[in-house]
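Chemist: Here it is, the structure, as structure tokens.
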Amino acid sequence: MAEIAVPKLNTNDDSYVLLAWLAPDGQAVPAGAPVAEVETSKAVEELTAAAGGVLRHRAAAGADITPGQVIALVDDLAAGPVEAPAPPPAGGPTITAPALARMAELGISAERVAALGRPIVRRADIDALTGAAPAPTASTASTVDTVDTASIVDTVDTVETVDTADTVDALGGPSAGLSRNQRAVARTVARSAATIPAAYTAMTVDVGAALERAPRLTREARRPVGLAELFVAAIGSAHATHPMCFARLDDDGVTLHPAGAAHVGVTVDLGEGLYVPVVRDADTATIGAIARTLTRHRVAAAGGTFRQADLDGANITLTLHLDAHVSLAVPIVFPGQTCAVAVTAPRPELYLDGDGRPATRTVTQVGLAYDHRVINGREAARFLTALAQTVKEP
Amino acid sequence: MRVADNINAALHSVLAGDERAYLIGEDLLDPYGGAFKVARGLSTRFPDRVLSTPISESAMTGVAAGLALAGDTAIVEYMFADFLTLGFDPLVNFAAKSVTMYGTRLPMRLIVRCPSGGGRGYGPTHSQTLTKHLIGVPGLAVFEMSPFRDAAEVFAEMLALAQPCVFVEDKILYTRRMHAVPHPFTASVRDGVAYVGTGEPPDLVLVAPGGTAGRAVAALHRLLIEDEIAGLLVVPSRLYPVSLDLPPVPHVVVAEDGTAGGTWGAEVAQHVHARHFADLAAPVTLVHAAGAVIPAAPHLEREVLVTAGTIYDAMVRTVRG
């Protein structure tokens, strides 16, 4: 059985309207068939069934729906119809969190509480039901979230509630779950730490000429060109001379797979979670094409509207640490890759020029974290030197 | 029905019912129908009375005030309430004063509609709530769209006043549904004021303008579920002049979306203190946005603007002391 969940369709709305069902409840639909029309504040989008089967509506036409909500199930035809759980009965009483806790404590069923016929059931009503002496109202952890209000109010705030409220750990302190995005980050970095013996080399790179070039390139590309774009291009152009930096080492620790092209993952974090979308074929792409791709990725990161294809297939990663005053960053090496390049914030530096006179230049610290099973410090230094030279004089 | 459609219907009924009514603003003509599509269909139906103007709030407000002075009905649509600062001169120095400064009261049927507030990532100069700058101007009334009242009724009230009115429309409402409240809350309207409660005598009154109402209801729902405190939300359509009739409660909280200092909420607090002082256990609590520019990044914007969480925290602090 497959689920049809509402994707995040834009940045403006936190809920949409399920305009109409294009396939009726109980109808068999093929994979890829449009099944529903969803209206945002700006557009109408069609949702499709990812898998074929019998469509089971789980929301009514005209209802408010929120991103992530499952609005339909698709029963696998081969497996026969699956009896889906009935939706929760509507019109039951509102039971407060302290009342729910008291019900659990005293083993009182929801039916008995519903039989009270009250629209709102508080802790005192539960006590009255059993004749129990009112217990002191100790601070009971809420096990109720307010998701049911999401359809009419700010989901922003209800999400906040869900994220922070729900549990009390064994020591009595509050605890909260990682967000879905951060759980994915956690899996990746844990696997990297467990499987890749990484080493790190850093180099000071003069980026003054590159930053002077950037405004002209921005005008030409009609997209922002900065250190991110220039380093993606530099990494791409180093593919031909440093193929090992783009190779994938098998889990057997012996077999190497060289990469035919440079696909550069770039970290993007606009506060809505860390994403590493990919700039494909960076070895042949123009700076304009790279800038257009990265702009598209940044827009997607702000709204969480990436398609999976945007995020798959990198064979090297560029991690950006351009917040002011960041001078050193050691990235993890992504599982399946050999190298991760870290670029930190540019800063002015005093140095001695060719004649031994003090002068200033703009530098950044560029670091390379690498799988030491695949390459060694010499190759790392040569790769960084190649990047430095390309950035200085492409 | 969504709020944007409700306002659209109200505009249709004003223009259909009054041959001297005009709608004036930027990019109003179909098929665009205004920045938030609230003017959709109007230019097709009333081609001579929907006027698309150059980008000048000063000019469009001045033209509208001139029409109102000559006895017509003029409704102005701003793209963003932030640009009230540009229309402030014709609005305050010309339109509001014209009601009284010619010796006898001169009816001025003028409504300035302002898409206001944040929550959509539009950044520092397209997300503000500037209501406080309109408070206390003689001859100028301030109203706000609420999901609990039909805009057509509110338009009729404003036009009956026959004085310039600013109508604040929180952008976040446009895609919300009219009249939606979560169980066990219900909404009712009395004398132009919406009341959202559980039917029980409230422990607390929360006063909020229409744009904040959704967040206010979410906060009250959480206050009921987690703290078993019954609150009553009071949403006046006319923000200024302030006139509120509250039940006797020990605690009153006002939640508004602008920054603190010389605000509508302070005006409400003064009003409540003067009328209900004997009932109150504590001074009225005000909830505002942070005193900062409004960031465009959604996670930073949430830190600055009033959220359901901000309102909930303020209510708990107020009741618990």
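Every chain in the structure tokens takes a letter, A first, then B, and so on in the order presented; its residues are numbered from 1, and the ligands are numbered from 1 following the presented order.
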Name the residues in contact with segment 225-232 of chain A at a cut-off of 6 Å, using only C-alpha atoms, excluding same-chain residues fewer than 6 positions from it; report them as number ranges by chain.
Modeler: A: 214, 218, 291
Chemist: Could those residues be written to a file, using N, CA and C atoms, as a compact mmCIF listing (two decimals), in the first residue's frame?
Modeler:
# COMPACT_ATOMS: atom_id res chain seq x y z
N ALA A 214 34.39 38.64 -9.82
CA ALA A 214 33.03 38.14 -9.57
C ALA A 214 31.91 39.09 -10.04
N THR A 218 28.97 38.07 -12.53
CA THR A 218 27.58 38.14 -12.08
C THR A 218 26.72 38.84 -13.13
N ALA A 291 26.26 29.04 -11.98
CA ALA A 291 25.55 30.05 -11.19
C ALA A 291 24.04 29.84 -11.26
Chemist: Within 7 Å of segment 271-288 of chain B, counting only C-alpha atoms, which residues qualify if same-chain residues fewer than 4 places away don't, as a count of residues only?
Modeler: 18
Chemist: For atom CA of Ala314 of chain B and atom CA of Gly121 of chain B, quote the distance in Å rounded to one decimal.
Modeler: 24.7 Å
Chemist: Skip Ala33 of chain A itself and residues of its chain fewer than 2 positions away, then list as a ChimeraX atom specification all residues within 8 Å of it, counting only C-alpha atoms.
Modeler: /A:29-31,35,48-50
Chemist: Keeping only C-alpha atoms, write the selected residues as a compact mmCIF listing (two decimals), in the first residue's frame.
Modeler:
# COMPACT_ATOMS: atom_id res chain seq x y z
CA VAL A 29 -5.55 4.20 -11.00
CA PRO A 30 -2.34 3.50 -12.95
CA ALA A 31 1.05 4.67 -11.67
CA VAL A 35 -5.43 11.92 -8.81
CA THR A 48 -0.09 11.94 -9.05
CA ALA A 49 -0.12 8.38 -7.77
CA ALA A 50 3.44 7.11 -7.54
Chemist: May I ask you to extract the residues of chain B within 10 Å of chain A, using only C-alpha atoms, and to give them as a PyMOL selection string?
Modeler: chain B and resi 1-2+4+36-37+119-122+172-185+198+200+212-219+221-229+297-300+302+307-310
Chemist: Within 12 Å of segment 156-161 of chain B, counting only C-alpha atoms, which residues qualify if same-chain residues fewer than 4 places away don't, as a count of residues only?
Modeler: 44
Chemist: Between atom CA of Glu105 of chain A and atom CA of Ala230 of chain B, what is the distance in Å, rounded to a tenth?
Modeler: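 One can read the atom CA of Glu105 of chain A to atom CA of Ala230 of chain B distance as 24.1 Å.
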Chemist: Of the residues B:Pro241, B:Gln128, B:Met101, B:Glu169, which is the one nearest to Gly291 of chain B, using only C-alpha atoms?
Modeler: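 Looking only at the distances to Gly291 of chain B, the closest residue turns out to be B:Gln128.
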Chemist: Can you tell me, as a compact mmCIF listing (two decimals) with all heavy atoms, in the first residue's frame, what residues are no more than 9 Å from segment 77-86 of chain B when counting only C-alpha atoms, ignoring any on the same chain fewer than 4 positions away?
Modeler:
# COMPACT_ATOMS: atom_id res chain seq x y z
N LEU B 23 -12.45 51.85 -7.62
CA LEU B 23 -11.33 51.13 -7.01
C LEU B 23 -10.06 51.59 -7.72
O LEU B 23 -9.98 51.58 -8.95
CB LEU B 23 -11.50 49.62 -7.16
CG LEU B 23 -10.38 48.78 -6.54
CD1 LEU B 23 -10.37 48.91 -5.02
CD2 LEU B 23 -10.52 47.30 -6.92
N ILE B 24 -9.07 52.01 -6.94
CA ILE B 24 -7.88 52.66 -7.48
C ILE B 24 -6.64 51.99 -6.90
O ILE B 24 -6.55 51.79 -5.68
CB ILE B 24 -7.88 54.16 -7.10
CG1 ILE B 24 -9.13 54.83 -7.66
CG2 ILE B 24 -6.63 54.86 -7.60
CD1 ILE B 24 -9.41 56.19 -7.06
N GLY B 25 -5.69 51.65 -7.77
CA GLY B 25 -4.45 51.07 -7.26
C GLY B 25 -3.58 50.56 -8.38
O GLY B 25 -3.89 50.73 -9.56
N GLU B 26 -2.48 49.91 -7.99
CA GLU B 26 -1.49 49.46 -8.97
C GLU B 26 -1.84 48.06 -9.49
O GLU B 26 -2.18 47.18 -8.69
CB GLU B 26 -0.10 49.41 -8.32
CG GLU B 26 0.41 50.79 -7.95
CD GLU B 26 1.41 50.74 -6.80
OE1 GLU B 26 1.80 49.64 -6.39
OE2 GLU B 26 1.78 51.81 -6.32
N ASP B 27 -1.73 47.88 -10.79
CA ASP B 27 -1.88 46.55 -11.42
C ASP B 27 -3.19 45.86 -11.06
O ASP B 27 -3.22 44.66 -10.81
CB ASP B 27 -0.69 45.66 -11.03
CG ASP B 27 0.63 46.17 -11.60
OD1 ASP B 27 0.56 46.85 -12.64
OD2 ASP B 27 1.68 45.91 -11.01
N LEU B 28 -4.28 46.62 -11.02
CA LEU B 28 -5.56 46.05 -10.62
C LEU B 28 -6.27 45.32 -11.76
O LEU B 28 -7.14 44.49 -11.53
CB LEU B 28 -6.50 47.15 -10.12
CG LEU B 28 -6.06 47.92 -8.88
CD1 LEU B 28 -7.14 48.92 -8.49
CD2 LEU B 28 -5.79 46.97 -7.73
N GLY B 34 -4.45 42.65 -9.27
CA GLY B 34 -3.83 43.09 -8.03
C GLY B 34 -2.82 42.08 -7.52
O GLY B 34 -2.87 40.90 -7.86
N ALA B 35 -1.89 42.59 -6.68
CA ALA B 35 -0.76 41.76 -6.22
C ALA B 35 -1.23 40.49 -5.53
O ALA B 35 -0.57 39.47 -5.59
CB ALA B 35 0.14 42.58 -5.31
N PHE B 36 -2.36 40.55 -4.85
CA PHE B 36 -2.84 39.37 -4.13
C PHE B 36 -4.16 38.86 -4.71
O PHE B 36 -4.87 38.10 -4.07
CB PHE B 36 -2.97 39.68 -2.64
CG PHE B 36 -1.64 39.96 -2.00
CD1 PHE B 36 -1.20 41.26 -1.84
CD2 PHE B 36 -0.82 38.93 -1.60
CE1 PHE B 36 0.04 41.53 -1.27
CE2 PHE B 36 0.42 39.18 -1.04
CZ PHE B 36 0.86 40.49 -0.88
N ALA B 39 -8.51 41.92 -6.37
CA ALA B 39 -9.33 42.74 -7.28
C ALA B 39 -9.79 41.94 -8.50
O ALA B 39 -10.31 42.53 -9.46
CB ALA B 39 -8.52 43.97 -7.73
N SER B 56 2.67 55.07 -7.41
CA SER B 56 2.80 56.20 -6.49
C SER B 56 1.63 56.17 -5.51
O SER B 56 0.50 56.52 -5.87
CB SER B 56 2.82 57.53 -7.25
OG SER B 56 2.68 58.59 -6.33
N GLU B 57 1.90 55.75 -4.29
CA GLU B 57 0.85 55.72 -3.28
C GLU B 57 0.35 57.13 -2.98
O GLU B 57 -0.82 57.33 -2.68
CB GLU B 57 1.34 55.04 -2.00
CG GLU B 57 1.43 53.52 -2.08
CD GLU B 57 2.53 53.04 -3.00
OE1 GLU B 57 3.45 53.82 -3.29
OE2 GLU B 57 2.46 51.88 -3.44
N SER B 58 1.28 58.10 -3.07
CA SER B 58 0.89 59.48 -2.84
C SER B 58 -0.14 59.92 -3.89
O SER B 58 -1.18 60.49 -3.56
CB SER B 58 2.14 60.37 -2.89
OG SER B 58 1.76 61.71 -2.78
N MET B 60 -2.07 58.02 -5.93
CA MET B 60 -3.35 57.29 -5.95
C MET B 60 -4.21 57.68 -4.76
O MET B 60 -5.43 57.79 -4.88
CB MET B 60 -3.12 55.77 -6.02
CG MET B 60 -2.50 55.15 -4.80
SD MET B 60 -2.43 53.34 -4.89
CE MET B 60 -0.91 53.08 -5.76
N PRO B 90 -1.28 62.77 1.81
CA PRO B 90 -2.67 63.00 1.36
C PRO B 90 -3.70 62.42 2.32
O PRO B 90 -4.79 62.98 2.47
CB PRO B 90 -2.72 62.31 -0.01
CG PRO B 90 -1.54 61.43 -0.08
CD PRO B 90 -0.49 62.02 0.81
N LEU B 91 -3.35 61.32 3.00
CA LEU B 91 -4.30 60.68 3.89
C LEU B 91 -4.54 61.53 5.15
O LEU B 91 -5.68 61.79 5.54
CB LEU B 91 -3.76 59.29 4.27
CG LEU B 91 -4.70 58.34 4.99
CD1 LEU B 91 -5.96 58.08 4.17
CD2 LEU B 91 -3.98 57.02 5.27
N ILE B 111 -11.72 54.61 1.48
CA ILE B 111 -11.15 53.46 2.18
C ILE B 111 -9.79 53.15 1.56
O ILE B 111 -9.67 53.03 0.34
CB ILE B 111 -12.05 52.21 2.06
CG1 ILE B 111 -13.42 52.47 2.71
CG2 ILE B 111 -11.38 51.00 2.70
CD1 ILE B 111 -14.43 51.34 2.48
N VAL B 112 -8.77 53.06 2.40
CA VAL B 112 -7.44 52.66 1.93
C VAL B 112 -7.18 51.25 2.43
O VAL B 112 -7.09 51.03 3.64
CB VAL B 112 -6.35 53.63 2.42
CG1 VAL B 112 -4.98 53.15 1.96
CG2 VAL B 112 -6.62 55.04 1.91
N ARG B 113 -7.08 50.30 1.50
CA ARG B 113 -6.86 48.90 1.86
C ARG B 113 -5.36 48.58 1.85
O ARG B 113 -4.68 48.86 0.87
CB ARG B 113 -7.58 47.96 0.88
CG ARG B 113 -9.10 48.10 0.88
CD ARG B 113 -9.72 47.18 -0.16
NE ARG B 113 -8.97 45.94 -0.21
CZ ARG B 113 -8.42 45.43 -1.31
NH1 ARG B 113 -8.58 46.02 -2.45
NH2 ARG B 113 -7.73 44.32 -1.25
N CYS B 114 -4.87 47.98 2.95
CA CYS B 114 -3.43 47.79 3.10
C CYS B 114 -3.07 46.35 3.43
O CYS B 114 -3.25 45.92 4.56
CB CYS B 114 -2.92 48.66 4.25
SG CYS B 114 -3.18 50.38 3.96
N PRO B 115 -2.54 45.60 2.47
CA PRO B 115 -2.00 44.26 2.78
C PRO B 115 -0.81 44.40 3.73
O PRO B 115 0.20 45.02 3.39
CB PRO B 115 -1.58 43.71 1.42
CG PRO B 115 -2.41 44.48 0.43
CD PRO B 115 -2.54 45.85 1.03
N SER B 116 -0.94 43.83 4.90
CA SER B 116 -0.05 44.14 6.00
C SER B 116 0.56 42.86 6.56
O SER B 116 0.15 41.75 6.23
CB SER B 116 -0.91 44.83 7.07
OG SER B 116 -0.17 45.12 8.20
N GLY B 117 1.57 43.01 7.40
CA GLY B 117 2.08 41.88 8.18
C GLY B 117 3.05 40.98 7.43
O GLY B 117 3.25 41.11 6.23
N THR B 125 10.93 45.53 4.27
CA THR B 125 10.13 46.66 3.80
C THR B 125 8.82 46.23 3.14
O THR B 125 8.13 47.04 2.54
CB THR B 125 10.93 47.50 2.78
OG1 THR B 125 11.30 46.66 1.69
CG2 THR B 125 12.16 48.10 3.41
N HIS B 126 8.48 44.95 3.24
CA HIS B 126 7.22 44.47 2.67
C HIS B 126 6.47 43.58 3.65
O HIS B 126 5.66 42.75 3.24
CB HIS B 126 7.47 43.70 1.36
CG HIS B 126 7.97 44.55 0.24
ND1 HIS B 126 9.23 45.09 0.22
CD2 HIS B 126 7.36 44.97 -0.90
CE1 HIS B 126 9.39 45.79 -0.89
NE2 HIS B 126 8.27 45.75 -1.58
N SER B 127 6.75 43.70 4.93
CA SER B 127 6.18 42.79 5.92
C SER B 127 5.66 43.50 7.16
O SER B 127 5.21 42.86 8.10
CB SER B 127 7.24 41.77 6.37
OG SER B 127 7.80 41.10 5.27
N GLN B 128 5.74 44.83 7.18
CA GLN B 128 5.47 45.53 8.44
C GLN B 128 3.98 45.68 8.72
O GLN B 128 3.15 45.61 7.83
CB GLN B 128 6.08 46.93 8.39
CG GLN B 128 7.57 46.93 8.23
CD GLN B 128 8.09 48.34 7.95
OE1 GLN B 128 8.36 49.10 8.86
NE2 GLN B 128 8.20 48.67 6.68
N THR B 129 3.71 45.92 10.00
CA THR B 129 2.38 46.31 10.43
C THR B 129 2.52 47.71 11.00
O THR B 129 3.07 47.91 12.07
CB THR B 129 1.86 45.33 11.50
OG1 THR B 129 1.87 44.01 10.93
CG2 THR B 129 0.46 45.70 11.94
N LEU B 130 2.05 48.69 10.24
CA LEU B 130 2.28 50.10 10.61
C LEU B 130 1.06 50.73 11.27
O LEU B 130 0.96 51.95 11.35
CB LEU B 130 2.69 50.89 9.37
CG LEU B 130 4.02 50.47 8.73
CD1 LEU B 130 4.33 51.36 7.52
CD2 LEU B 130 5.16 50.56 9.72
N THR B 131 0.14 49.90 11.75
CA THR B 131 -1.12 50.40 12.30
C THR B 131 -0.92 51.52 13.31
O THR B 131 -1.68 52.48 13.34
CB THR B 131 -1.87 49.23 12.96
OG1 THR B 131 -1.99 48.18 12.00
CG2 THR B 131 -3.24 49.65 13.44
N HIS B 133 0.95 53.96 13.51
CA HIS B 133 1.14 55.31 12.98
C HIS B 133 -0.18 55.97 12.58
O HIS B 133 -0.21 57.16 12.27
CB HIS B 133 2.10 55.28 11.80
CG HIS B 133 3.46 54.77 12.17
ND1 HIS B 133 4.29 55.44 13.02
CD2 HIS B 133 4.10 53.61 11.85
CE1 HIS B 133 5.41 54.74 13.19
NE2 HIS B 133 5.31 53.62 12.50
N VAL B 168 -6.92 47.44 7.26
CA VAL B 168 -5.72 46.62 7.32
C VAL B 168 -6.09 45.17 6.97
O VAL B 168 -7.02 44.62 7.55
CB VAL B 168 -5.08 46.69 8.72
CG1 VAL B 168 -3.82 45.82 8.79
CG2 VAL B 168 -4.77 48.13 9.10
N GLU B 169 -5.36 44.59 6.03
CA GLU B 169 -5.61 43.20 5.64
C GLU B 169 -4.32 42.42 5.82
O GLU B 169 -3.35 42.63 5.10
CB GLU B 169 -6.06 43.12 4.17
CG GLU B 169 -7.32 43.92 3.87
CD GLU B 169 -7.60 44.02 2.37
OE1 GLU B 169 -6.90 43.36 1.58
OE2 GLU B 169 -8.52 44.77 2.01
N LYS B 171 -1.76 39.86 5.17
CA LYS B 171 -1.55 39.02 3.98
C LYS B 171 -1.74 37.54 4.28
O LYS B 171 -2.15 36.77 3.42
CB LYS B 171 -0.12 39.22 3.45
CG LYS B 171 0.16 40.60 2.97
CD LYS B 171 1.52 40.67 2.31
CE LYS B 171 2.67 40.94 3.26
NZ LYS B 171 2.68 42.27 3.82
